[in-house]
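K.L.:
Got a structure for you, target.cif, holding mmCIF, C-alpha atoms.
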```cif
data_input
#
loop_
_atom_site.label_atom_id
_atom_site.label_comp_id
_atom_site.auth_asym_id
_atom_site.auth_seq_id
_atom_site.Cartn_x
_atom_site.Cartn_y
_atom_site.Cartn_z
CA MET H 355 115.19 4.69 162.30
CA LEU H 356 115.74 1.59 164.44
CA LEU H 357 113.10 0.78 167.02
CA ASP H 358 114.09 -1.68 169.73
CA GLN H 359 111.64 -3.73 171.75
CA GLN H 360 108.72 -1.58 170.73
CA PRO H 361 105.53 -2.67 172.54
CA ALA H 362 103.01 -3.53 169.85
CA TYR H 363 100.04 -5.59 168.72
CA VAL H 364 99.39 -7.03 165.28
CA LEU H 365 96.00 -5.81 164.05
CA HIS H 366 95.92 -7.51 160.69
CA ALA H 367 98.15 -9.59 158.45
CA ARG H 368 97.90 -10.18 154.75
CA PRO H 369 100.08 -12.21 152.42
CA TYR H 370 102.76 -10.17 150.70
CA ARG H 371 104.83 -11.54 147.84
CA GLU H 372 105.68 -15.21 147.98
CA THR H 373 106.70 -15.82 151.58
CA SER H 374 106.18 -12.54 153.42
CA LEU H 375 103.42 -10.82 155.35
CA LEU H 376 102.33 -7.23 155.37
CA LEU H 377 101.24 -6.44 158.93
CA GLU H 378 99.28 -3.57 160.35
CA CYS H 379 100.62 -3.06 163.86
CA LEU H 380 99.59 -0.77 166.67
CA THR H 381 102.78 0.38 168.40
CA ARG H 382 103.07 2.32 171.63
CA ASP H 383 105.32 5.14 170.44
CA HIS H 384 104.69 5.37 166.71
CA GLY H 385 100.98 4.69 166.36
CA ARG H 386 99.83 2.39 163.60
CA LEU H 387 102.61 1.10 161.36
CA GLY H 388 102.66 -0.97 158.21
CA VAL H 389 105.32 -3.63 158.79
CA VAL H 390 106.83 -6.06 156.28
CA ALA H 391 107.70 -9.41 157.88
CA ARG H 392 109.97 -11.09 155.38
CA GLY H 393 109.98 -14.83 154.88
CA VAL H 394 107.65 -15.64 157.78
CA ARG H 395 105.32 -17.70 155.59
CA ARG H 396 108.05 -20.24 154.92
CA GLU H 397 107.57 -23.60 156.61
CA ARG H 398 110.74 -23.08 158.68
CA ALA H 399 109.47 -19.80 160.09
CA ARG H 400 106.27 -21.36 161.46
CA LEU H 401 107.17 -20.35 165.01
CA GLN H 402 107.52 -16.71 164.05
CA ARG H 403 104.34 -16.80 162.01
CA ALA H 404 102.42 -18.11 165.05
CA GLN H 405 103.69 -15.21 167.16
CA LEU H 406 102.49 -12.65 164.65
CA GLU H 407 98.83 -13.31 165.36
CA PRO H 408 96.54 -10.55 166.64
CA PHE H 409 95.81 -10.07 170.37
CA GLN H 410 99.27 -11.14 171.52
CA PRO H 411 101.33 -8.48 173.32
CA LEU H 412 104.64 -8.28 171.46
CA ALA H 413 107.95 -6.48 171.56
CA LEU H 414 109.04 -5.73 168.00
CA ASP H 415 112.44 -4.74 166.65
CA LEU H 416 111.75 -2.61 163.60
CA LEU H 417 113.60 -0.70 160.95
CA LEU H 418 111.43 2.26 160.06
CA ARG H 419 112.21 3.78 156.69
CA GLY H 420 109.71 5.67 154.58
CA GLU H 421 106.15 4.42 154.49
CA LEU H 422 106.78 0.88 155.76
CA ALA H 423 108.79 -0.65 158.56
CA THR H 424 110.70 -3.93 158.27
CA LEU H 425 110.45 -6.52 161.01
CA ARG H 426 113.85 -7.48 162.44
CA GLY H 427 112.77 -9.35 165.52
CA VAL H 428 109.67 -10.34 167.45
CA GLU H 429 109.24 -11.48 171.02
CA PRO H 430 106.01 -12.26 172.83
CA VAL H 431 105.50 -10.37 176.08
CA GLY H 432 103.63 -12.01 178.92
CA MET H 433 101.02 -14.72 178.66
CA PRO H 434 99.26 -15.23 175.33
CA LEU H 435 95.73 -13.92 175.41
CA ARG H 436 93.03 -16.26 174.16
CA LEU H 437 89.93 -14.51 172.93
CA ALA H 438 87.44 -17.26 172.20
CA GLY H 439 83.94 -17.02 170.78
CA ASP H 440 82.24 -13.64 170.83
CA ALA H 441 85.31 -12.06 172.42
CA GLY H 442 87.27 -13.05 169.31
CA LEU H 443 84.70 -11.44 166.99
CA ALA H 444 84.73 -8.34 169.22
CA GLY H 445 88.53 -8.28 168.99
CA LEU H 446 88.34 -8.28 165.19
CA TYR H 447 85.91 -5.38 165.47
CA LEU H 448 88.39 -3.49 167.65
CA ASN H 449 91.10 -4.05 165.06
CA GLU H 450 88.98 -2.85 162.17
CA LEU H 451 87.98 0.22 164.17
CA VAL H 452 91.61 1.12 164.90
CA VAL H 453 92.75 0.58 161.31
CA ARG H 454 89.86 2.58 159.85
CA LEU H 455 90.01 5.50 162.28
CA THR H 456 93.75 6.04 162.59
CA GLY H 457 96.41 7.03 160.10
CA ARG H 458 99.79 5.34 159.81
CA GLN H 459 102.72 6.79 161.75
CA ASP H 460 100.56 9.03 163.89
CA PRO H 461 101.78 8.46 167.48
CA GLN H 462 98.94 7.76 169.93
CA PRO H 463 100.23 6.45 173.25
CA ASP H 464 96.76 6.83 174.84
CA LEU H 465 95.26 4.61 172.16
CA PHE H 466 97.85 1.91 172.69
CA GLU H 467 97.15 1.94 176.41
CA ALA H 468 93.38 1.79 175.85
CA TYR H 469 93.80 -1.14 173.45
CA ASP H 470 96.14 -2.95 175.81
CA ARG H 471 93.65 -2.47 178.66
CA THR H 472 90.60 -3.51 176.63
CA LEU H 473 91.76 -6.85 175.19
CA PRO H 474 91.84 -8.79 178.48
CA ARG H 475 88.52 -7.20 179.45
CA LEU H 476 86.83 -8.62 176.34
CA ALA H 477 87.21 -12.05 177.87
CA GLU H 478 85.24 -11.03 180.98
CA GLU H 479 81.85 -12.65 181.21
CA GLY H 480 78.76 -10.62 180.27
CA THR H 481 80.29 -7.14 179.85
CA LEU H 482 81.40 -7.34 176.22
CA ALA H 483 79.17 -4.55 174.88
CA TRP H 484 80.18 -2.18 177.67
CA GLN H 485 83.90 -2.87 177.13
CA LEU H 486 83.48 -1.98 173.44
CA ARG H 487 81.74 1.31 174.34
CA ARG H 488 84.58 2.24 176.70
CA PHE H 489 87.14 1.52 174.02
CA GLU H 490 85.23 3.48 171.38
CA ARG H 491 85.10 6.45 173.76
CA ASP H 492 88.85 6.29 174.36
CA LEU H 493 89.68 5.73 170.69
CA LEU H 494 87.59 8.74 169.60
CA ALA H 495 89.23 10.88 172.26
CA SER H 496 92.76 9.89 171.27
CA VAL H 497 92.22 10.57 167.56
CA GLY H 498 90.79 14.00 168.35
CA TYR H 499 87.05 13.34 168.12
CA ALA H 500 86.34 13.26 171.87
CA LEU H 501 82.66 13.15 172.76
CA GLN H 502 81.14 15.89 174.88
CA LEU H 503 79.34 13.95 177.58
CA GLU H 504 78.97 16.22 180.60
CA THR H 505 77.70 19.56 179.30
CA GLU H 506 75.12 20.65 176.77
CA ALA H 507 76.30 21.76 173.35
CA ASP H 508 75.08 25.35 173.14
CA SER H 509 74.37 26.49 176.67
CA GLY H 510 77.23 24.67 178.39
CA GLU H 511 74.71 23.65 181.07
CA PRO H 512 75.57 20.42 182.91
CA ILE H 513 73.85 17.28 181.61
CA MET H 514 70.95 16.24 183.88
CA PRO H 515 70.71 12.50 184.64
CA GLU H 516 66.92 12.51 184.23
CA GLY H 517 67.02 14.69 181.08
CA TRP H 518 66.76 13.46 177.47
CA TYR H 519 69.25 14.52 174.80
CA ARG H 520 69.98 14.14 171.13
CA TYR H 521 73.68 13.92 170.35
CA GLN H 522 74.73 15.98 167.35
CA VAL H 523 78.06 14.81 165.97
CA GLU H 524 80.83 17.43 166.21
CA HIS H 525 78.50 19.61 168.22
CA GLY H 526 77.35 17.83 171.36
CA PRO H 527 74.25 16.86 173.29
CA VAL H 528 71.16 19.01 172.83
CA ALA H 529 68.21 18.78 175.22
CA CYS H 530 65.00 17.42 173.71
CA THR H 531 61.78 15.67 174.68
CA ALA H 532 61.58 12.06 175.81
CA GLY H 533 59.62 10.63 172.88
CA ALA H 534 61.76 12.07 170.07
CA ALA H 535 63.78 9.81 167.74
CA ARG H 536 67.42 8.87 168.51
CA VAL H 537 67.44 10.27 172.01
CA ILE H 538 69.54 9.19 174.96
CA ARG H 539 69.14 9.64 178.70
CA GLY H 540 71.43 12.14 180.41
CA ALA H 541 72.28 9.41 182.91
CA ASP H 542 73.75 7.22 180.14
CA LEU H 543 75.97 10.02 178.82
CA LEU H 544 77.19 10.71 182.34
CA ALA H 545 77.76 7.02 182.96
CA LEU H 546 80.05 6.80 179.95
CA ALA H 547 81.89 9.95 181.06
CA ALA H 548 82.32 8.55 184.59
CA ASP H 549 83.24 5.06 183.29
CA GLN H 550 80.37 3.50 185.26
CA ARG H 551 78.47 0.75 183.45
CA PRO H 552 74.79 1.75 182.94
CA ASP H 553 71.94 -0.78 182.70
CA ALA H 554 71.47 -2.88 179.54
CA ALA H 555 69.15 -0.31 177.94
CA GLY H 556 71.77 2.37 178.60
CA VAL H 557 74.54 0.29 176.99
CA ALA H 558 72.29 -0.29 173.95
CA ALA H 559 71.56 3.46 173.68
CA LEU H 560 75.27 4.22 173.85
CA ARG H 561 75.88 1.64 171.13
CA ARG H 562 73.47 3.46 168.80
CA LEU H 563 75.11 6.76 169.64
CA MET H 564 78.62 5.42 169.01
CA ARG H 565 77.65 3.89 165.68
CA GLU H 566 76.27 7.19 164.53
CA VAL H 567 79.43 9.03 165.56
CA ILE H 568 81.78 6.43 164.07
CA ARG H 569 79.81 6.29 160.82
CA PHE H 570 80.09 10.08 160.60
CA HIS H 571 83.87 9.99 161.05
CA LEU H 572 84.17 7.24 158.43
CA GLY H 573 82.43 9.55 155.98
CA GLY H 574 79.18 7.58 156.13
CA ALA H 575 80.83 4.20 155.54
CA GLU H 576 79.97 1.02 157.45
CA LEU H 577 82.39 -1.25 159.27
CA HIS H 578 82.46 -4.82 157.95
CA ALA H 579 82.63 -6.10 161.53
CA TRP H 580 79.17 -4.64 162.18
CA ARG H 581 77.70 -7.05 159.64
CA VAL H 582 79.51 -10.00 161.17
CA LEU H 583 78.56 -9.07 164.75
CA ALA H 584 74.94 -8.38 163.80
CA ALA H 585 74.62 -11.78 162.13
CA ALA H 586 76.30 -13.52 165.08
CA MET H 587 74.04 -11.81 167.63
CA SER H 588 70.85 -12.41 165.65
CA ARG H 589 71.20 -16.14 166.22
CA ARG H 590 70.93 -15.88 170.02
CA MET G 134 113.00 -8.04 125.00
CA PRO G 135 114.76 -6.49 121.98
CA GLY G 136 113.28 -7.47 118.64
CA SER G 137 110.18 -9.34 119.80
CA PRO G 138 107.32 -7.59 121.54
CA LEU G 139 105.44 -10.90 121.65
CA LEU G 140 108.26 -12.56 123.60
CA ALA G 141 108.26 -9.63 126.00
CA ASP G 142 104.52 -10.10 126.45
CA LEU G 143 105.00 -13.82 127.16
CA ILE G 144 107.65 -13.11 129.80
CA GLU G 145 105.46 -10.48 131.42
CA ALA G 146 102.47 -12.85 131.42
CA LEU G 147 104.45 -15.68 133.06
CA ARG G 148 105.28 -13.42 135.99
CA CYS G 149 101.73 -13.80 137.30
CA LEU G 150 102.69 -17.28 138.59
CA PRO G 151 103.65 -17.55 142.27
CA GLY G 152 107.39 -17.43 142.88
CA VAL G 153 108.17 -16.36 139.32
CA GLY G 154 110.10 -13.13 138.88
CA GLY G 155 111.58 -11.55 135.77
CA LYS G 156 114.56 -13.92 135.54
CA SER G 157 112.57 -17.15 135.94
CA ALA G 158 109.91 -15.91 133.53
CA GLN G 159 112.57 -15.31 130.92
CA ARG G 160 114.05 -18.80 131.42
CA MET G 161 110.60 -20.37 131.09
CA ALA G 162 109.81 -18.46 127.93
CA PHE G 163 113.11 -19.39 126.26
CA HIS G 164 112.78 -22.99 127.37
CA LEU G 165 109.33 -23.31 125.79
CA LEU G 166 110.40 -21.65 122.57
CA GLU G 167 113.67 -23.51 122.17
CA ARG G 168 112.73 -27.02 123.27
CA GLU G 169 109.08 -27.53 124.16
CA ARG G 170 106.97 -26.10 121.32
CA THR G 171 104.47 -29.00 121.29
CA ARG G 172 104.01 -29.13 125.03
CA GLY G 173 103.93 -25.36 125.12
CA LEU G 174 100.98 -25.42 122.76
CA LYS G 175 99.32 -28.08 124.89
CA LEU G 176 99.88 -25.90 127.97
CA ALA G 177 98.31 -22.94 126.20
CA GLY G 178 95.28 -25.00 125.21
CA VAL G 179 94.72 -26.54 128.65
CA LEU G 180 95.29 -23.20 130.35
CA ARG G 181 92.69 -21.50 128.19
CA GLU G 182 90.18 -24.29 128.67
CA ALA G 183 90.70 -24.42 132.44
CA MET G 184 90.41 -20.66 132.82
CA GLU G 185 87.19 -20.60 130.83
CA ARG G 186 85.47 -23.73 132.08
CA ILE G 187 86.43 -24.24 135.72
CA GLY G 188 84.00 -22.58 138.08
CA ASN G 189 82.75 -23.47 141.54
CA CYS G 190 80.65 -26.48 142.52
CA THR G 191 77.15 -25.37 143.44
CA ARG G 192 77.13 -27.65 146.51
CA CYS G 193 80.59 -27.31 148.04
CA ARG G 194 82.07 -24.27 146.22
CA ASN G 195 85.24 -26.21 145.37
CA PHE G 196 86.69 -25.78 141.86
CA SER G 197 84.76 -27.80 139.30
CA GLU G 198 83.89 -27.66 135.62
CA GLU G 199 80.58 -29.42 136.31
CA PRO G 200 77.74 -27.76 138.23
CA VAL G 201 78.20 -30.46 140.91
CA CYS G 202 81.78 -31.67 141.45
CA ALA G 203 82.83 -35.33 141.36
CA LEU G 204 83.31 -35.41 145.12
CA CYS G 205 79.80 -34.14 145.85
CA ALA G 206 78.31 -36.43 143.23
CA ASN G 207 80.12 -39.52 144.58
CA ALA G 208 77.39 -41.71 146.06
CA SER G 209 79.83 -43.77 148.13
CA ARG G 210 80.81 -40.82 150.32
CA ASP G 211 79.20 -40.37 153.73
CA ARG G 212 76.44 -37.78 153.50
CA GLN G 213 76.05 -37.41 157.26
CA VAL G 214 79.37 -35.61 157.82
CA LEU G 215 80.34 -32.25 156.39
CA CYS G 216 83.83 -30.81 156.71
CA VAL G 217 84.16 -27.02 156.32
CA VAL G 218 87.53 -25.71 155.08
CA GLU G 219 88.84 -22.29 154.10
CA SER G 220 90.33 -23.12 150.71
CA PRO G 221 90.58 -25.83 148.04
CA THR G 222 94.20 -26.43 149.12
CA ASP G 223 92.98 -27.23 152.65
CA LEU G 224 90.51 -29.70 151.16
CA ALA G 225 93.31 -31.35 149.20
CA ALA G 226 95.48 -31.56 152.35
CA ILE G 227 92.71 -33.31 154.31
CA GLU G 228 91.98 -35.69 151.43
CA GLN G 229 95.64 -36.68 151.23
CA ALA G 230 96.35 -36.98 154.95
CA THR G 231 93.20 -38.50 156.40
CA GLY G 232 90.81 -41.28 155.51
CA TYR G 233 87.89 -38.85 155.63
CA ARG G 234 85.02 -40.10 153.48
CA GLY G 235 82.40 -37.37 154.07
CA GLN G 236 81.43 -34.24 152.20
CA TYR G 237 83.04 -30.81 152.12
CA PHE G 238 82.15 -27.16 152.04
CA VAL G 239 84.78 -24.63 150.91
CA LEU G 240 84.42 -21.09 152.29
CA LEU G 241 86.99 -19.55 149.89
CA GLY G 242 88.16 -17.32 152.74
CA ARG G 243 87.55 -16.65 156.42
CA LEU G 244 85.64 -14.03 158.37
CA SER G 245 87.91 -11.02 158.19
CA PRO G 246 86.34 -7.59 158.53
CA LEU G 247 89.56 -5.85 157.49
CA ASP G 248 89.60 -7.79 154.22
CA GLY G 249 85.92 -7.08 153.67
CA LEU G 250 85.04 -10.77 154.06
CA GLY G 251 81.72 -11.36 155.81
CA PRO G 252 79.06 -14.10 155.91
CA GLU G 253 77.83 -13.34 152.37
CA GLU G 254 81.28 -13.63 150.77
CA LEU G 255 81.79 -17.02 152.43
CA GLY G 256 78.52 -18.44 151.09
CA LEU G 257 77.16 -19.05 154.57
CA ALA G 258 73.53 -18.76 153.41
CA GLN G 259 74.29 -21.65 151.05
CA LEU G 260 75.87 -23.60 153.92
CA SER G 261 72.82 -22.94 156.12
CA ALA G 262 70.55 -24.22 153.40
CA ARG G 263 72.64 -27.38 153.16
CA LEU G 264 72.45 -27.94 156.90
CA GLY G 265 68.71 -27.42 156.62
CA GLU G 266 68.38 -30.35 154.21
CA GLY G 267 68.50 -32.56 157.29
CA GLU G 268 70.97 -35.20 156.09
CA ILE G 269 74.02 -33.87 157.91
CA GLU G 270 74.60 -34.91 161.53
CA GLU G 271 78.10 -33.62 162.18
CA MET G 272 79.89 -30.54 160.86
CA ILE G 273 83.67 -30.74 161.20
CA ILE G 274 85.03 -27.21 161.34
CA ALA G 275 88.51 -27.28 159.82
CA THR G 276 89.27 -23.57 159.50
CA ASN G 277 92.87 -22.56 160.20
CA PRO G 278 94.04 -22.09 163.80
CA THR G 279 94.47 -18.34 163.35
CA VAL G 280 92.55 -15.58 165.10
CA GLU G 281 90.33 -15.14 162.06
CA GLY G 282 89.95 -18.88 161.56
CA GLU G 283 88.87 -19.26 165.21
CA ALA G 284 86.34 -16.44 164.90
CA THR G 285 85.00 -18.14 161.79
CA ALA G 286 84.81 -21.46 163.65
CA HIS G 287 82.82 -19.84 166.45
CA TYR G 288 80.42 -18.37 163.93
CA LEU G 289 80.06 -21.67 162.07
CA ALA G 290 79.40 -23.54 165.32
CA GLN G 291 76.45 -21.21 166.00
CA LEU G 292 75.20 -21.83 162.48
CA ALA G 293 75.42 -25.60 162.96
CA ARG G 294 73.61 -25.55 166.31
CA ALA G 295 70.87 -23.39 164.81
CA GLY G 296 70.44 -26.06 162.13
CA GLY G 297 70.39 -28.90 164.69
CA VAL G 298 73.81 -30.21 163.58
CA LYS G 299 76.61 -31.18 165.96
CA PRO G 300 79.68 -28.96 165.39
CA THR G 301 83.17 -30.38 166.00
CA ARG G 302 86.53 -28.66 165.69
CA LEU G 303 89.95 -29.99 164.68
CA ALA G 304 92.17 -30.45 167.76
CA HIS G 305 95.11 -28.11 168.33
CA GLY G 306 98.34 -29.31 169.77
CA VAL G 307 102.06 -29.83 169.76
CA PRO G 308 103.27 -30.92 166.30
CA LEU G 309 104.41 -34.52 165.93
CA GLY G 310 108.16 -34.82 166.32
CA GLY G 311 108.27 -31.37 167.93
CA GLU G 312 110.05 -30.42 171.12
CA LEU G 313 108.15 -28.44 173.72
CA GLU G 314 111.00 -25.98 174.09
CA TYR G 315 110.53 -24.87 170.50
CA VAL G 316 106.75 -24.73 170.42
CA ASP G 317 105.29 -21.22 170.41
CA ARG G 318 103.55 -20.09 173.59
CA GLY G 319 100.06 -19.90 172.11
CA THR G 320 100.15 -23.46 170.80
CA LEU G 321 101.63 -24.79 174.03
CA ALA G 322 99.07 -22.94 176.18
CA HIS G 323 96.31 -24.32 174.00
CA ALA G 324 97.64 -27.86 174.05
CA PHE G 325 98.08 -27.67 177.82
CA GLY G 326 94.57 -26.34 178.33
CA SER G 327 92.93 -29.04 176.21
CA ARG G 328 95.02 -31.98 177.49
CA GLN G 329 93.37 -35.39 177.41
CA ALA G 330 93.12 -38.22 179.88
CA LEU G 331 95.29 -41.23 178.97
CA GLU G 332 93.19 -44.35 178.59
#
```
Please re-express this file's structure in structure tokens.

P.N.:
Amino acid sequence: MLLDQQPAYVLHARPYRETSLLLECLTRDHGRLGVVARGVRRERARLQRAQLEPFQPLALDLLLRGELATLRGVEPVGMPLRLAGDAGLAGLYLNELVVRLTGRQDPQPDLFEAYDRTLPRLAEEGTLAWQLRRFERDLLASVGYALQLETEADSGEPIMPEGWYRYQVEHGPVACTAGAARVIRGADLLALAADQRPDAAGVAALRRLMREVIRFHLGGAELHAWRVLAAAMSRR
Amino acid sequence: MPGSPLLADLIEALRCLPGVGGKSAQRMAFHLLERERTRGLKLAGVLREAMERIGNCTRCRNFSEEPVCALCANASRDRQVLCVVESPTDLAAIEQATGYRGQYFVLLGRLSPLDGLGPEELGLAQLSARLGEGEIEEMIIATNPTVEGEATAHYLAQLARAGGVKPTRLAHGVPLGGELEYVDRGTLAHAFGSRQALE
């Protein structure tokens, strides 16, 4: 199957054979694809190699056959995005999250849109953690693990802003008492549902919640980016 | 290879070299057997010795058969500057192209969560300890200008500041002899953004 001018991002590239790259790409219409870019590690193909970096909106011409696609053409779309500093580390986290939580060739147009929306937001000053939480929410929803944020798990009662809840993965929020372990305020759950940034404590609580959910869906595994981010943040 | 399983083994073994496929491996094997027996034996000996004895320098992590490599042990090199590179080939490139006379640290990779490479794999605790020795004043961060190389540079800069060392980064720009029309957008945007005043 020939794909023309497919909107896509490169998530990861690794050397393949002598002069080629094996790319993981997030495409708009075909989800995550493994793409072989032949000969782009040759000196003469330096220009093409530079375009195949993560975080750059691209239009790819691909030949999709079997498990892998072959790159036939690449064109950058719009201005290159520069994610410097912590935004760059956060971007690598995003990419690991997408690769680990999605399968190849599983179309997810919502996910592509969420990714496309999130990248420029990572560069915004002071809202990095919140932007990651929003993306995690959208990613989980698009791969079929949407969080239940507005009603209680068993009773179906609406979540109360002043109430305290424990979130049970694959079940939902259950009301509990304020002092219990791993609890979250109703207001923070509702804030995430309504896409309204809560206070710093709320963002931190949502981060703990998301980690627990993501770890569950990874079968208990850890993301490597968590180690990197934790070490980077600990030096502040 | 009909008749000689050992020859077949040799051809198969040669294919581990970069750029060597079945055909080239066969040519190499025949060439050694027909014309270069003595040098073939020498190659075998050196190869074995190198594979067994070459490890990593305990100070800079570059390849070395001694615990401390010749470059680290060289007293005439500047001990106040440390250049951090991703790989031994990057170190060689800098040695050949610049008059740099300081020390090195080789990461043997870059921060790349998807490849499972984090601070531990890159020996960053070792690097921190070296910065903590107090001799180094400037750390030149010479990781590659890729997304992962930049993220690594950012991380290393934090590490340097925490150790009271001034971090510097290689400049990015338009290649010498290049024409702007043919420079990729990212490089051009970067070069434009970090333009310098003409003295």

K.L.:
So which residues get picked by the PyMOL selection byres ((chain G) within 6 of (chain H)) here, written as an NGL selection string?

P.N.:
:G and (152 or 246-247 or 249 or 251 or 284 or 287 or 317 or 319)

K.L.:
Since we have the selection now, will you write its residues out, keeping C-alpha atoms, as a PDB file, in the coordinates of the input?

P.N.:
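So the final result, stored in selection35.pdb, reads:
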```
ATOM      1  CA  GLY G 152     107.390 -17.430 142.880  1.00  0.00           C
ATOM      2  CA  PRO G 246      86.340  -7.590 158.530  1.00  0.00           C
ATOM      3  CA  LEU G 247      89.560  -5.850 157.490  1.00  0.00           C
ATOM      4  CA  GLY G 249      85.920  -7.080 153.670  1.00  0.00           C
ATOM      5  CA  GLY G 251      81.720 -11.360 155.810  1.00  0.00           C
ATOM      6  CA  ALA G 284      86.340 -16.440 164.900  1.00  0.00           C
ATOM      7  CA  HIS G 287      82.820 -19.840 166.450  1.00  0.00           C
ATOM      8  CA  ASP G 317     105.290 -21.220 170.410  1.00  0.00           C
ATOM      9  CA  GLY G 319     100.060 -19.900 172.110  1.00  0.00           C
TER      10      GLY G 319
END
```

K.L.:
Quick one: everything within 12 Å of segment 545-550 of chain H, counting all atoms listed in the file, minus sequence neighbours fewer than 5 positions away in the same chain. Send it as a PyMOL selection string.

P.N.:
chain H and resi 481+484-492+495+500-505+513-515+538-540+556-557+559-561+563-564

K.L.:
Here is a test: counting only C-alpha atoms, which residue of G:Phe238, G:Tyr315, G:Tyr233, G:Phe196 is nearest to Gly256 of chain G?

P.N.:
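Smallest distance to Gly256 of chain G is found for G:Phe238.
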
K.L.:
Let me know the residues the PyMOL selection byres ((chain G and resi 165) around 12) catches in the file above, as a PyMOL selection string.

P.N.:
chain G and resi 140+143-144+147+158-164+166-177

K.L.:
Please write as a list in words the full residue list that the PyMOL selection byres ((chain G and resi 201-203) around 12) yields on this file.

P.N.:
Ile187, Gly188, Asn189, Cys190, Thr191, Arg192, Cys193, Arg194, Asn195, Phe196, Ser197, Glu198, Glu199, Pro200, Leu204, Cys205, Ala206, Asn207, Ala208, Ser209, Arg210, Gln236, Tyr237 and Phe238 of chain G

K.L.:
Give the padded box for segment 263-281 of chain G as lines of an AutoDock Vina configuration file: axis-aligned, covering all atoms listed in the file, 4 Å on each side, centre and edge lengths in Å to one decimal.

P.N.:
```
center_x = 81.4
center_y = -25.2
center_z = 159.1
size_x = 34.1
size_y = 28.1
size_z = 19.9
```

K.L.:
Quote the spacing between atom CA of Glu511 of chain H and atom CA of Arg565 of chain H in Å to one decimal place.

P.N.:
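Interatomic distance here is 25.2 Å.
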
K.L.:
What is the atom CA of Gly235 of chain G-atom CA of Val214 of chain G distance in Å, reported with one decimal?

P.N.:
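Computing it gives 5.1 Å between the two atoms.
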